[in-house]
file upload_15.cif (mmCIF, C-alpha atoms and all ligand atoms)
data_upload
loop_
_atom_site.label_atom_id
_atom_site.label_comp_id
_atom_site.auth_asym_id
_atom_site.auth_seq_id
_atom_site.Cartn_x
_atom_site.Cartn_y
_atom_site.Cartn_z
CA MET A 1 -96.54 -32.13 114.24
CA SER A 2 -93.06 -30.94 113.38
CA ALA A 3 -91.35 -32.48 110.39
CA PRO A 4 -88.38 -34.74 111.03
CA ARG A 5 -85.30 -33.71 109.11
CA THR A 6 -84.17 -35.85 106.24
CA THR A 7 -80.57 -34.81 105.91
CA THR A 8 -78.44 -37.35 104.13
CA PRO A 9 -74.74 -38.03 104.60
CA THR A 10 -73.86 -36.51 101.21
CA VAL A 11 -75.09 -33.04 102.01
CA GLY A 12 -73.72 -33.30 105.52
CA SER A 13 -70.23 -33.76 104.07
CA ARG A 14 -67.69 -30.92 104.29
CA LEU A 15 -66.80 -31.67 100.71
CA ILE A 16 -70.18 -30.40 99.57
CA GLU A 17 -70.96 -27.79 102.20
CA THR A 18 -68.70 -25.77 104.50
CA PRO A 19 -69.06 -26.20 108.27
CA GLU A 20 -70.50 -22.64 108.38
CA ARG A 21 -73.24 -23.58 105.95
CA GLN A 22 -73.98 -26.80 107.78
CA ALA A 23 -74.30 -24.73 110.97
CA LEU A 24 -76.63 -22.32 109.16
CA ARG A 25 -78.79 -25.27 108.10
CA ARG A 26 -79.01 -26.52 111.67
CA ALA A 27 -79.80 -23.11 113.13
CA VAL A 28 -82.51 -22.32 110.57
CA ALA A 29 -84.00 -25.81 110.95
CA GLU A 30 -84.18 -25.24 114.71
CA LEU A 31 -86.02 -21.96 114.18
CA GLY A 32 -88.39 -23.47 111.61
CA ASN A 33 -89.16 -26.47 113.80
CA ARG A 34 -90.11 -24.16 116.67
CA TYR A 35 -92.89 -22.81 114.43
CA GLY A 36 -93.69 -25.82 112.23
CA SER A 37 -96.38 -26.47 109.67
CA ALA A 38 -99.28 -26.17 112.14
CA TYR A 39 -98.29 -22.54 112.77
CA PHE A 40 -97.68 -21.80 109.10
CA LEU A 41 -100.85 -23.38 107.74
CA GLY A 42 -102.84 -21.93 110.65
CA LYS A 43 -101.69 -18.44 109.65
CA ALA A 44 -102.56 -19.11 106.03
CA ARG A 45 -106.04 -20.38 106.89
CA ALA A 46 -106.65 -17.33 109.06
CA GLY A 47 -105.66 -15.11 106.11
CA GLU A 48 -102.65 -13.80 108.03
CA ALA A 49 -98.96 -13.49 107.22
CA ALA A 50 -96.35 -15.48 109.14
CA GLU A 51 -95.13 -12.23 110.74
CA GLU A 52 -93.63 -13.67 113.93
CA LEU A 53 -91.45 -16.12 112.02
CA TRP A 54 -90.50 -13.47 109.45
CA ALA A 55 -89.48 -11.04 112.22
CA GLU A 56 -87.48 -13.63 114.13
CA ALA A 57 -85.72 -14.85 110.99
CA GLY A 58 -84.95 -11.23 110.12
CA LYS A 59 -83.50 -10.49 113.54
CA ALA A 60 -81.33 -13.60 113.36
CA GLY A 61 -79.90 -12.37 110.05
CA TYR A 62 -81.32 -15.20 107.94
CA LEU A 63 -83.49 -13.12 105.57
CA GLY A 64 -80.54 -11.12 104.30
CA ALA A 65 -77.99 -13.93 104.27
CA ASN A 66 -77.14 -13.17 100.63
CA LEU A 67 -76.93 -9.37 100.90
CA PRO A 68 -73.69 -7.40 101.31
CA ALA A 69 -72.50 -7.01 104.90
CA GLU A 70 -71.84 -3.27 104.44
CA TYR A 71 -75.60 -2.78 103.95
CA GLY A 72 -76.68 -4.93 106.87
CA GLY A 73 -76.73 -8.30 105.12
CA GLY A 74 -74.95 -11.52 106.00
CA GLY A 75 -72.33 -11.09 103.30
CA GLY A 76 -72.98 -14.58 101.91
CA GLY A 77 -74.34 -15.70 98.57
CA ILE A 78 -77.57 -17.00 97.10
CA THR A 79 -76.38 -20.43 98.29
CA ASP A 80 -76.85 -19.25 101.87
CA LEU A 81 -80.31 -17.80 101.28
CA ALA A 82 -81.34 -21.01 99.48
CA ILE A 83 -80.28 -22.96 102.58
CA VAL A 84 -82.53 -20.71 104.68
CA LEU A 85 -85.58 -21.28 102.47
CA GLU A 86 -84.98 -25.01 102.03
CA GLU A 87 -84.65 -25.57 105.78
CA LEU A 88 -87.68 -23.42 106.65
CA GLY A 89 -89.70 -25.34 104.06
CA THR A 90 -88.49 -28.67 105.40
CA ALA A 91 -89.70 -27.57 108.82
CA GLY A 92 -93.11 -26.71 107.37
CA CYS A 93 -92.65 -22.96 106.90
CA PRO A 94 -91.81 -22.18 103.26
CA LEU A 95 -91.61 -18.36 103.25
CA LEU A 96 -92.34 -17.62 99.58
CA LEU A 97 -91.38 -13.96 99.95
CA LEU A 98 -87.74 -14.97 100.40
CA VAL A 99 -87.79 -15.71 96.68
CA VAL A 100 -88.67 -12.13 95.83
CA SER A 101 -87.67 -9.67 98.55
CA PRO A 102 -84.04 -10.50 99.34
CA ALA A 103 -83.35 -12.81 96.37
CA ILE A 104 -84.62 -10.93 93.31
CA CYS A 105 -85.07 -7.37 94.54
CA GLY A 106 -82.12 -7.43 96.96
CA THR A 107 -79.82 -8.91 94.32
CA VAL A 108 -80.82 -6.44 91.60
CA ILE A 109 -80.40 -3.44 93.90
CA ALA A 110 -77.14 -4.72 95.37
CA ARG A 111 -75.69 -5.35 91.92
CA PHE A 112 -77.08 -2.45 89.91
CA GLY A 113 -78.58 0.12 92.28
CA THR A 114 -77.05 3.50 93.03
CA GLU A 115 -75.36 4.06 96.37
CA GLU A 116 -78.48 5.94 97.47
CA GLN A 117 -80.80 3.08 96.45
CA LYS A 118 -78.62 0.56 98.26
CA ARG A 119 -78.63 2.61 101.46
CA ARG A 120 -82.37 3.19 101.21
CA TRP A 121 -83.40 -0.43 100.64
CA LEU A 122 -80.83 -3.06 101.52
CA PRO A 123 -80.69 -2.76 105.34
CA GLY A 124 -84.49 -3.08 105.59
CA LEU A 125 -84.65 -5.97 103.11
CA ALA A 126 -81.83 -7.68 105.04
CA ASP A 127 -83.46 -7.52 108.47
CA GLY A 128 -86.98 -8.02 107.12
CA THR A 129 -88.36 -4.71 108.38
CA ARG A 130 -89.01 -3.70 104.76
CA ARG A 131 -90.21 -5.88 101.91
CA MET A 132 -90.03 -5.45 98.18
CA VAL A 133 -91.88 -7.79 95.84
CA PHE A 134 -91.48 -8.35 92.11
CA GLY A 135 -93.83 -8.01 89.16
CA ILE A 136 -93.05 -9.18 85.64
CA THR A 137 -95.98 -11.44 84.66
CA GLU A 138 -98.74 -9.87 82.57
CA PRO A 139 -102.11 -11.27 81.54
CA ASP A 140 -101.43 -11.01 77.79
CA ALA A 141 -97.79 -12.04 77.91
CA GLY A 142 -97.53 -14.94 80.41
CA SER A 143 -94.45 -17.03 79.71
CA ASN A 144 -93.58 -14.81 76.76
CA SER A 145 -91.94 -11.91 78.57
CA HIS A 146 -91.04 -10.38 75.23
CA ARG A 147 -94.68 -9.38 74.98
CA ILE A 148 -94.93 -7.38 78.17
CA SER A 149 -96.60 -4.06 77.48
CA THR A 150 -96.25 -2.15 80.74
CA VAL A 151 -94.71 1.06 79.50
CA ALA A 152 -92.49 3.64 81.19
CA ARG A 153 -92.66 7.07 79.53
CA ARG A 154 -90.47 10.01 80.36
CA ASP A 155 -92.21 13.15 81.53
CA GLY A 156 -89.53 15.74 82.21
CA GLU A 157 -87.29 14.23 84.87
CA ASP A 158 -90.04 11.86 85.98
CA TRP A 159 -91.29 8.51 84.68
CA LEU A 160 -94.94 7.61 84.06
CA LEU A 161 -95.74 3.92 84.37
CA THR A 162 -98.84 2.36 82.81
CA GLY A 163 -99.80 -1.30 82.49
CA ARG A 164 -101.18 -4.38 84.13
CA LYS A 165 -99.55 -7.25 86.03
CA VAL A 166 -100.86 -10.53 87.43
CA PHE A 167 -99.85 -13.05 90.08
CA VAL A 168 -97.64 -10.61 91.95
CA SER A 169 -97.01 -12.26 95.33
CA GLY A 170 -97.12 -10.43 98.64
CA ILE A 171 -98.26 -6.93 97.68
CA ASP A 172 -100.36 -6.65 100.84
CA HIS A 173 -97.24 -6.88 103.01
CA CYS A 174 -94.72 -4.98 100.93
CA ASP A 175 -93.39 -1.45 100.94
CA ALA A 176 -92.71 -1.36 97.21
CA VAL A 177 -92.71 -3.45 94.05
CA LEU A 178 -89.87 -3.88 91.60
CA PHE A 179 -91.71 -3.82 88.28
CA VAL A 180 -90.38 -4.83 84.91
CA ALA A 181 -91.57 -2.38 82.27
CA ARG A 182 -90.35 -1.45 78.83
CA THR A 183 -89.30 2.01 77.84
CA GLU A 184 -91.56 3.52 75.22
CA ASP A 185 -88.92 4.14 72.60
CA ALA A 186 -87.71 0.57 72.92
CA ARG A 187 -90.69 -0.97 71.13
CA THR A 188 -88.70 -2.84 68.58
CA GLY A 189 -90.39 -6.16 69.20
CA LYS A 190 -87.40 -7.23 71.29
CA LEU A 191 -87.58 -7.09 75.05
CA ARG A 192 -85.64 -4.16 76.41
CA PRO A 193 -86.87 -4.14 79.94
CA ALA A 194 -86.24 -1.51 82.53
CA LEU A 195 -86.68 -2.01 86.25
CA PHE A 196 -88.56 0.43 88.48
CA VAL A 197 -89.13 0.56 92.23
CA VAL A 198 -92.74 1.60 92.78
CA PRO A 199 -94.02 2.44 96.28
CA ARG A 200 -97.23 0.57 96.93
CA GLU A 201 -99.01 3.75 98.00
CA ALA A 202 -98.17 5.66 94.79
CA PRO A 203 -101.22 7.36 93.24
CA GLY A 204 -102.47 5.32 90.24
CA PHE A 205 -101.27 2.00 91.74
CA GLU A 206 -104.15 -0.36 92.46
CA TYR A 207 -104.12 -4.04 93.38
CA ARG A 208 -106.66 -6.75 93.96
CA ALA A 209 -106.18 -10.22 95.47
CA ILE A 210 -106.67 -13.16 93.10
CA PRO A 211 -108.69 -15.91 94.80
CA MET A 212 -106.25 -18.85 94.82
CA GLU A 213 -106.62 -22.46 95.99
CA LEU A 214 -103.25 -22.31 97.73
CA VAL A 215 -102.99 -22.59 101.51
CA SER A 216 -100.28 -19.98 101.87
CA PRO A 217 -99.82 -16.86 103.98
CA GLU A 218 -98.64 -15.08 100.81
CA LYS A 219 -101.39 -14.03 98.46
CA GLN A 220 -101.20 -13.26 94.75
CA PHE A 221 -102.51 -10.02 93.24
CA GLN A 222 -103.40 -8.39 89.98
CA VAL A 223 -102.09 -4.88 89.60
CA PHE A 224 -103.27 -1.87 87.64
CA LEU A 225 -100.80 0.91 86.96
CA ASP A 226 -102.38 4.04 85.58
CA ASP A 227 -99.87 6.79 84.83
CA VAL A 228 -98.03 6.19 88.09
CA ARG A 229 -95.64 9.10 88.46
CA LEU A 230 -92.15 8.16 89.63
CA PRO A 231 -89.03 10.22 90.25
CA ALA A 232 -85.99 9.67 88.02
CA ASP A 233 -84.30 7.54 90.66
CA ALA A 234 -87.09 4.96 90.63
CA LEU A 235 -85.20 3.38 87.74
CA VAL A 236 -82.79 0.72 88.97
CA GLY A 237 -79.67 0.29 86.91
CA ASP A 238 -79.14 1.28 83.34
CA GLU A 239 -82.10 1.79 81.01
CA ASP A 240 -80.11 0.24 78.16
CA ALA A 241 -78.85 -2.80 80.05
CA GLY A 242 -82.17 -3.89 81.52
CA LEU A 243 -82.11 -7.41 80.11
CA LEU A 244 -78.75 -8.22 81.67
CA GLN A 245 -79.92 -6.79 84.99
CA LEU A 246 -83.15 -8.72 84.81
CA PHE A 247 -81.30 -12.00 84.26
CA ALA A 248 -79.12 -11.21 87.26
CA GLY A 249 -82.30 -11.29 89.34
CA LEU A 250 -83.92 -14.23 87.58
CA ASN A 251 -81.16 -16.75 88.30
CA PRO A 252 -81.50 -16.23 92.06
CA GLU A 253 -85.26 -16.56 91.57
CA ARG A 254 -84.87 -19.99 89.97
CA ILE A 255 -82.40 -21.17 92.63
CA MET A 256 -84.75 -19.97 95.36
CA THR A 257 -87.79 -21.59 93.73
CA ALA A 258 -85.83 -24.83 93.62
CA ALA A 259 -85.07 -24.41 97.34
CA PHE A 260 -88.78 -23.76 97.96
CA SER A 261 -89.70 -27.01 96.17
CA LEU A 262 -86.95 -28.97 97.90
CA GLY A 263 -88.18 -27.83 101.29
CA LEU A 264 -91.69 -29.01 100.48
CA ALA A 265 -90.35 -32.33 99.20
CA ARG A 266 -88.23 -32.95 102.29
CA GLN A 267 -91.09 -31.95 104.57
CA ALA A 268 -93.43 -34.41 102.84
CA LEU A 269 -90.86 -37.20 102.76
CA GLY A 270 -90.08 -36.70 106.44
CA LYS A 271 -93.73 -36.93 107.43
CA ALA A 272 -94.35 -39.96 105.21
CA VAL A 273 -91.31 -41.86 106.53
CA GLU A 274 -92.20 -41.13 110.14
CA TYR A 275 -95.74 -42.35 109.57
CA ALA A 276 -94.68 -45.44 107.63
CA LYS A 277 -92.36 -46.54 110.45
CA THR A 278 -95.17 -46.85 112.98
CA ARG A 279 -98.49 -47.31 111.23
CA THR A 280 -99.32 -51.03 111.33
CA VAL A 281 -102.43 -52.55 109.79
CA TRP A 282 -101.17 -56.13 109.17
CA SER A 283 -98.22 -57.68 110.93
CA THR A 284 -95.51 -55.11 110.07
CA PRO A 285 -95.36 -51.31 109.83
CA ILE A 286 -96.59 -50.21 106.40
CA GLY A 287 -93.08 -48.93 105.59
CA ALA A 288 -91.93 -52.55 105.32
CA HIS A 289 -94.08 -53.03 102.22
CA GLN A 290 -91.97 -52.39 99.16
CA GLY A 291 -94.99 -50.91 97.42
CA LEU A 292 -94.53 -47.96 99.78
CA ALA A 293 -90.82 -48.20 100.63
CA HIS A 294 -89.47 -48.12 97.09
CA PRO A 295 -91.35 -45.05 95.87
CA LEU A 296 -90.24 -43.24 99.05
CA ALA A 297 -86.64 -44.36 98.52
CA GLN A 298 -86.88 -43.18 94.90
CA CYS A 299 -88.04 -39.76 96.14
CA ALA A 300 -85.08 -39.62 98.55
CA VAL A 301 -82.67 -40.32 95.67
CA GLU A 302 -84.25 -37.73 93.41
CA ILE A 303 -84.43 -35.08 96.14
CA GLU A 304 -80.73 -35.55 96.76
CA LEU A 305 -79.95 -35.19 93.05
CA ALA A 306 -81.98 -32.00 92.80
CA ARG A 307 -80.30 -30.61 95.92
CA LEU A 308 -76.88 -31.24 94.44
CA MET A 309 -77.92 -29.52 91.22
CA ASN A 310 -79.18 -26.54 93.17
CA GLN A 311 -75.93 -26.37 95.12
CA LYS A 312 -74.08 -26.34 91.79
CA ALA A 313 -76.31 -23.54 90.51
CA GLY A 314 -75.75 -21.52 93.69
CA LEU A 315 -72.01 -22.06 93.52
CA LEU A 316 -71.82 -20.91 89.88
CA TYR A 317 -73.98 -17.88 90.56
CA ASP A 318 -72.01 -16.88 93.63
CA GLU A 319 -68.79 -17.25 91.62
CA GLY A 320 -70.16 -14.70 89.15
CA ASP A 321 -70.70 -17.07 86.23
CA ASP A 322 -74.18 -15.87 85.24
CA LEU A 323 -74.30 -17.89 82.01
CA ALA A 324 -73.41 -21.28 83.48
CA ALA A 325 -75.58 -20.50 86.51
CA GLY A 326 -78.52 -19.91 84.17
CA GLU A 327 -78.38 -23.43 82.77
CA ALA A 328 -77.81 -25.03 86.18
CA ALA A 329 -80.52 -22.95 87.86
CA ASN A 330 -83.06 -23.93 85.21
CA MET A 331 -82.16 -27.60 85.57
CA ALA A 332 -82.29 -27.42 89.36
CA LYS A 333 -85.63 -25.64 89.34
CA TYR A 334 -87.03 -28.26 86.97
CA ALA A 335 -85.69 -31.22 88.96
CA ALA A 336 -86.83 -29.80 92.29
CA GLY A 337 -90.29 -28.95 91.01
CA GLU A 338 -90.78 -32.43 89.61
CA VAL A 339 -89.52 -34.30 92.67
CA ALA A 340 -91.58 -32.11 95.00
CA ALA A 341 -94.79 -32.91 93.14
CA ARG A 342 -93.98 -36.64 93.08
CA THR A 343 -92.92 -36.75 96.72
CA VAL A 344 -96.01 -34.98 98.01
CA ASP A 345 -98.19 -37.29 95.94
CA GLN A 346 -96.42 -40.34 97.38
CA ALA A 347 -96.52 -38.93 100.91
CA VAL A 348 -100.28 -38.35 100.74
CA GLN A 349 -100.68 -41.92 99.48
CA THR A 350 -98.51 -43.25 102.30
CA LEU A 351 -100.73 -41.70 104.95
CA GLY A 352 -103.92 -43.10 103.43
CA GLY A 353 -106.91 -41.12 104.70
CA ASN A 354 -104.69 -39.13 107.05
CA GLY A 355 -102.92 -37.80 103.97
CA LEU A 356 -105.97 -35.65 103.35
CA THR A 357 -106.53 -34.39 106.90
CA GLN A 358 -105.58 -30.92 108.03
CA GLU A 359 -103.82 -32.43 111.04
CA TYR A 360 -100.97 -33.86 108.97
CA GLY A 361 -100.70 -30.84 106.69
CA LEU A 362 -99.88 -32.81 103.56
CA ALA A 363 -102.87 -32.21 101.32
CA ALA A 364 -102.17 -28.46 101.37
CA LEU A 365 -98.80 -29.23 99.82
CA ILE A 366 -100.42 -30.71 96.72
CA ALA A 367 -101.29 -27.26 95.40
CA ALA A 368 -98.12 -25.71 96.84
CA THR A 369 -95.87 -28.07 94.90
CA ARG A 370 -97.53 -27.02 91.65
CA VAL A 371 -96.06 -23.56 92.14
CA GLY A 372 -92.55 -24.87 91.50
CA ARG A 373 -93.74 -26.41 88.23
CA VAL A 374 -95.35 -23.21 86.97
CA ALA A 375 -93.37 -20.31 88.42
CA PRO A 376 -91.27 -18.34 87.79
CA VAL A 377 -90.84 -20.18 84.54
CA SER A 378 -92.89 -23.26 83.67
CA ARG A 379 -91.33 -26.69 83.31
CA GLU A 380 -92.14 -26.61 79.58
CA MET A 381 -90.22 -23.36 79.18
CA VAL A 382 -87.28 -24.84 81.11
CA LEU A 383 -87.33 -27.83 78.77
CA ASN A 384 -87.46 -25.43 75.80
CA TYR A 385 -84.41 -23.65 77.22
CA VAL A 386 -82.47 -26.89 77.68
CA ALA A 387 -83.52 -28.17 74.25
CA GLN A 388 -82.28 -25.00 72.57
CA HIS A 389 -79.33 -23.86 74.66
CA THR A 390 -77.94 -27.13 75.99
CA LEU A 391 -78.82 -29.42 73.09
CA GLY A 392 -78.81 -26.89 70.25
CA LEU A 393 -82.18 -28.02 68.93
CA PRO A 394 -84.30 -25.68 66.78
CA ARG A 395 -87.04 -23.70 68.42
CA SER A 396 -90.75 -24.22 67.71
CA TYR A 397 -92.18 -20.93 68.93
C1 LIG A 401 -98.26 -18.94 93.36
C2 LIG A 401 -97.70 -18.11 92.26
C3 LIG A 401 -96.92 -17.01 92.58
C4 LIG A 401 -96.43 -16.18 91.58
N1 LIG A 401 -95.72 -15.06 91.93
C5 LIG A 401 -95.33 -14.19 90.97
C6 LIG A 401 -94.70 -12.95 91.33
O1 LIG A 401 -94.46 -12.67 92.52
N2 LIG A 401 -94.36 -12.09 90.34
C7 LIG A 401 -94.62 -12.36 89.03
O2 LIG A 401 -94.29 -11.55 88.19
N3 LIG A 401 -95.21 -13.54 88.65
C8 LIG A 401 -95.58 -14.44 89.59
N4 LIG A 401 -96.20 -15.61 89.22
C9 LIG A 401 -96.51 -15.86 87.81
C10 LIG A 401 -95.71 -16.99 87.17
O3 LIG A 401 -94.38 -16.61 87.00
C11 LIG A 401 -96.43 -17.36 85.86
O4 LIG A 401 -97.63 -18.01 86.23
C12 LIG A 401 -95.58 -18.19 84.95
O5 LIG A 401 -94.53 -17.43 84.42
C13 LIG A 401 -96.40 -18.79 83.77
O6 LIG A 401 -97.14 -17.80 83.12
P1 LIG A 401 -98.71 -18.01 82.86
O7 LIG A 401 -99.35 -18.38 84.15
O8 LIG A 401 -99.22 -16.81 82.16
O9 LIG A 401 -98.83 -19.28 81.93
P2 LIG A 401 -98.81 -19.32 80.29
O10 LIG A 401 -97.61 -18.59 79.78
O11 LIG A 401 -100.14 -18.92 79.78
O12 LIG A 401 -98.60 -20.87 80.08
C14 LIG A 401 -99.64 -21.82 80.17
C15 LIG A 401 -99.10 -23.20 79.79
O13 LIG A 401 -98.59 -23.15 78.44
C16 LIG A 401 -97.27 -23.66 78.42
N5 LIG A 401 -96.49 -22.97 77.37
C17 LIG A 401 -96.43 -21.63 77.10
N6 LIG A 401 -95.58 -21.40 76.09
C18 LIG A 401 -95.06 -22.60 75.73
C19 LIG A 401 -94.12 -23.03 74.74
N7 LIG A 401 -93.50 -22.17 73.94
N8 LIG A 401 -93.84 -24.36 74.67
C20 LIG A 401 -94.44 -25.26 75.50
N9 LIG A 401 -95.35 -24.91 76.42
C21 LIG A 401 -95.65 -23.61 76.54
C22 LIG A 401 -96.72 -23.35 79.81
O14 LIG A 401 -95.63 -24.17 80.11
C23 LIG A 401 -97.93 -23.63 80.68
O15 LIG A 401 -98.01 -25.01 80.94
C24 LIG A 401 -96.69 -16.48 90.22
C25 LIG A 401 -97.46 -17.61 89.90
C26 LIG A 401 -97.96 -18.41 90.89
C27 LIG A 401 -98.80 -19.60 90.51
#
call {"tool": "encode", "arguments": {"input": "upload_15.cif", "output": "C-alpha cells", "more": "lines below"}}
Ligand SMILES: Cc1cc2nc3c(=O)[nH]c(=O)nc-3n(C[C@H](O)[C@H](O)[C@H](O)COP(=O)(O)OP(=O)(O)OC[C@H]3O[C@@H](n4cnc5c(N)ncnc54)[C@H](O)[C@@H]3O)c2cc1C
result
Amino acid sequence: MSAPRTTTPTVGSRLIETPERQALRRAVAELGNRYGSAYFLGKARAGEAAEELWAEAGKAGYLGANLPAEYGGGGGGITDLAIVLEELGTAGCPLLLLVVSPAICGTVIARFGTEEQKRRWLPGLADGTRRMVFGITEPDAGSNSHRISTVARRDGEDWLLTGRKVFVSGIDHCDAVLFVARTEDARTGKLRPALFVVPREAPGFEYRAIPMELVSPEKQFQVFLDDVRLPADALVGDEDAGLLQLFAGLNPERIMTAAFSLGLARQALGKAVEYAKTRTVWSTPIGAHQGLAHPLAQCAVEIELARLMNQKAGLLYDEGDDLAAGEAANMAKYAAGEVAARTVDQAVQTLGGNGLTQEYGLAALIAATRVGRVAPVSREMVLNYVAQHTLGLPRSY
C-alpha cells in the first residue's frame, strides 16, 4: 500500500518554497511511491539494502542534491537534501544513509577537504556509487562527546588510529567511514576532535553488527580500530579547527534527522487518515469520531510546525549562519522527533488490530520513530542546549 501524500497548502506556497523545490518534492515523491513501504520493509526483513532505490535516486541526482555542482552534485543546499529524505520517508522509504553519506560526510569534505579529497569523494557520494558513513559515538562517552577516547597518533607522515565506536550506521555498504578522533597531544580534557577518512578494508579495522529491533535496511555496527595506519591525507580539514568542522557536519545531521522523522510522521498520518475515511464499524467511518479525528488533526498541526522549523533551519544553514542554524536545527530535530513518535502511536491506534499487522507497515515505525528521539543527539540533550543557550539557564552536568 503506498502512502497518500499529506501536503498542506502552507508548504505548497511559493512564499515558503520555490517552484523548483516544490517540483523536487513532487519528483522525489513519485519515485518513492513507485517503491513504497512494502518494498522498503521487505528489503529490511530480508536483511538487504534498498539498493535499487538508492541507485535510481543517485542517477536522478537526488542523493547529491546538496553537493557542489562542480563535483557532480546538484548545487543546492541542505534544504534540498532534506526535501529528498522527507519525501522518500513519506512514501515509505526513509533512506537513513542520506543523513550520513551526502549530508555529514559530503558537507564536511565539500567545506573543509582538500581539492584532492573533493575530487576523490564528492562525485561518488553525489551519484550514490560510493558511500561514506560517520562514526562519533563511543561506548564510554555516549552523549558526552567530550569524553571520546579514540586517539590519532602521528607516526612519521602517517596517522595511527586506535579506539572503539558504537552504533555506526551502514558500515556493511560503505566504502569508508569518517571517524571523529582526538589527537594525542590534545588531551586537555576539552574536545579537540580531528576528522579522518578510514577505508573500511584498512588493516586493523573490524566491525560487528549490533542486533537491533529496528526494521530497517541500514544496520548499526560496533567498530574496533587497532592501530589503523592512515596516510597524512586521511585527515580532513585542519587538525586545530576540528570542532568547528565537526559542527559544520552536525547541523546538517540534525536537519536531516528532522526530515527523517517528518517523513515517518507524514507516512503514518497519511495511512491513518486513509484508513479512517473508509473503515466503518458503526454508522459512520471511524474518522468521524472526534476521539480519532482530533488527535490526527493535532498531529497534522504539529507536523506542519516542525516542517516550518526545519525549513528555517535549512535556510539559515544554507545562508552560512552556522550559529543560528544550530539553534534552529536542534529545535526542529526535537519537534520532528516528538511529533513523529506521537503520530505513529496515534496511527497505530487508528488502525486498531491492523495497526500491528505487517501489511500496513505501521508497527515497524514505532521503533523507527524512536531513532529521531535518541540520535544524533537525544531530546534531553537538545533541551539542555535550549535551556543553556537560548534561555541562559545554568547547566547541571
Ligand atoms: C538507529 C541508530 C543509528 C545511529 N547511527 C549512528 C551513526 O551512524 N554514527 C554515530 O556515531 N552514532 C550513531 N548513533 C548513536 C546515537 O547518536 C547515540 O545513541 C546518541 O548520541 C545517544 O548516545 P547513547 O546511546 O550513548 O546514550 P547516553 O548518552 O548513554 O544517554 C542515555 C540517556 O541519558 C540521557 N542523558 C545523558 N546525559 C544527559 C544529561 N546531561 N541530561 C539529561 N539527560 C541525559 C540521554 O538523553 C538518554 O536518554 C545511532 C543510534 C541509533 C539508535
call {"tool": "residues_around", "arguments": {"input": "upload_15.cif", "residues": "segment 207-210 of chain A", "least_positions_apart": "3", "cutoff": "7 Å", "atoms": "all atoms listed in the file", "output": "ChimeraX atom specification"}}
result
/A:219-224
call {"tool": "residues_around", "arguments": {"input": "upload_15.cif", "residues": "segment 331-339 of chain A", "least_positions_apart": "6", "cutoff": "7 Å", "atoms": "all atoms listed in the file", "output": "short mmCIF file (atom, residue, chain, number, x, y, z; two decimals) with C-alpha atoms, in the coordinates of the input"}}
result
data_model
loop_
_atom_site.label_atom_id
_atom_site.label_comp_id
_atom_site.auth_asym_id
_atom_site.auth_seq_id
_atom_site.Cartn_x
_atom_site.Cartn_y
_atom_site.Cartn_z
CA ARG A 254 -84.87 -19.99 89.97
CA ILE A 255 -82.40 -21.17 92.63
CA THR A 257 -87.79 -21.59 93.73
CA ALA A 258 -85.83 -24.83 93.62
CA SER A 261 -89.70 -27.01 96.17
CA LEU A 262 -86.95 -28.97 97.90
CA ALA A 265 -90.35 -32.33 99.20
CA CYS A 299 -88.04 -39.76 96.14
CA GLU A 302 -84.25 -37.73 93.41
CA ILE A 303 -84.43 -35.08 96.14
CA ALA A 306 -81.98 -32.00 92.80
CA MET A 309 -77.92 -29.52 91.22
CA ASN A 310 -79.18 -26.54 93.17
CA THR A 369 -95.87 -28.07 94.90
CA GLY A 372 -92.55 -24.87 91.50
CA ARG A 373 -93.74 -26.41 88.23
CA ARG A 379 -91.33 -26.69 83.31
CA VAL A 382 -87.28 -24.84 81.11
#
call {"tool": "residues_near_point", "arguments": {"input": "upload_15.cif", "point": "(-99.5, -11.7, 98.8)", "cutoff": "10 Å", "atoms": "only C-alpha atoms", "output": "ChimeraX atom specification"}}
result
/A:48-49,96-97,133,167-174,208-210,216-221
call {"tool": "write_last_selection", "arguments": {"input": "upload_15.cif", "atoms": "C-alpha atoms", "output": "compact mmCIF listing (two decimals), in the coordinates of the input"}}
result
# COMPACT_ATOMS: atom_id res chain seq x y z
CA GLU A 48 -102.65 -13.80 108.03
CA ALA A 49 -98.96 -13.49 107.22
CA LEU A 96 -92.34 -17.62 99.58
CA LEU A 97 -91.38 -13.96 99.95
CA VAL A 133 -91.88 -7.79 95.84
CA PHE A 167 -99.85 -13.05 90.08
CA VAL A 168 -97.64 -10.61 91.95
CA SER A 169 -97.01 -12.26 95.33
CA GLY A 170 -97.12 -10.43 98.64
CA ILE A 171 -98.26 -6.93 97.68
CA ASP A 172 -100.36 -6.65 100.84
CA HIS A 173 -97.24 -6.88 103.01
CA CYS A 174 -94.72 -4.98 100.93
CA ARG A 208 -106.66 -6.75 93.96
CA ALA A 209 -106.18 -10.22 95.47
CA ILE A 210 -106.67 -13.16 93.10
CA SER A 216 -100.28 -19.98 101.87
CA PRO A 217 -99.82 -16.86 103.98
CA GLU A 218 -98.64 -15.08 100.81
CA LYS A 219 -101.39 -14.03 98.46
CA GLN A 220 -101.20 -13.26 94.75
CA PHE A 221 -102.51 -10.02 93.24
call {"tool": "residues_near_ligand", "arguments": {"input": "upload_15.cif", "ligand": "ligand LIG 401 (chain A)", "cutoff": "8 Å", "atoms": "only C-alpha atoms and all ligand atoms", "output": "PyMOL selection string"}}
result
chain A and resi 100+133-144+165-170+214+219-220+368+370-371+374-381+384+396-397
call {"tool": "atom_distance", "arguments": {"input": "upload_15.cif", "atom1": "atom CA of Thr284 of chain A", "atom2": "atom CA of Thr343 of chain A"}}
result
22.8 Å
call {"tool": "closest_atom_pairs", "arguments": {"input": "upload_15.cif", "of": "segment 222-254 of chain A", "to": "segment 74-78 of chain A", "cutoff": "12 Å", "atoms": "all atoms listed in the file", "output": "JSON lines"}}
result
{"residue": "A:Ala248", "atom": "CA", "partner": "A:Ile78", "partner_atom": "CA", "distance": 11.5}
{"residue": "A:Gly249", "atom": "CA", "partner": "A:Ile78", "partner_atom": "CA", "distance": 10.7}
{"residue": "A:Leu250", "atom": "CA", "partner": "A:Ile78", "partner_atom": "CA", "distance": 11.8}
{"residue": "A:Asn251", "atom": "CA", "partner": "A:Ile78", "partner_atom": "CA", "distance": 9.5}
{"residue": "A:Pro252", "atom": "CA", "partner": "A:Ile78", "partner_atom": "CA", "distance": 6.4}
{"residue": "A:Glu253", "atom": "CA", "partner": "A:Ile78", "partner_atom": "CA", "distance": 9.5}
{"residue": "A:Arg254", "atom": "CA", "partner": "A:Ile78", "partner_atom": "CA", "distance": 10.6}
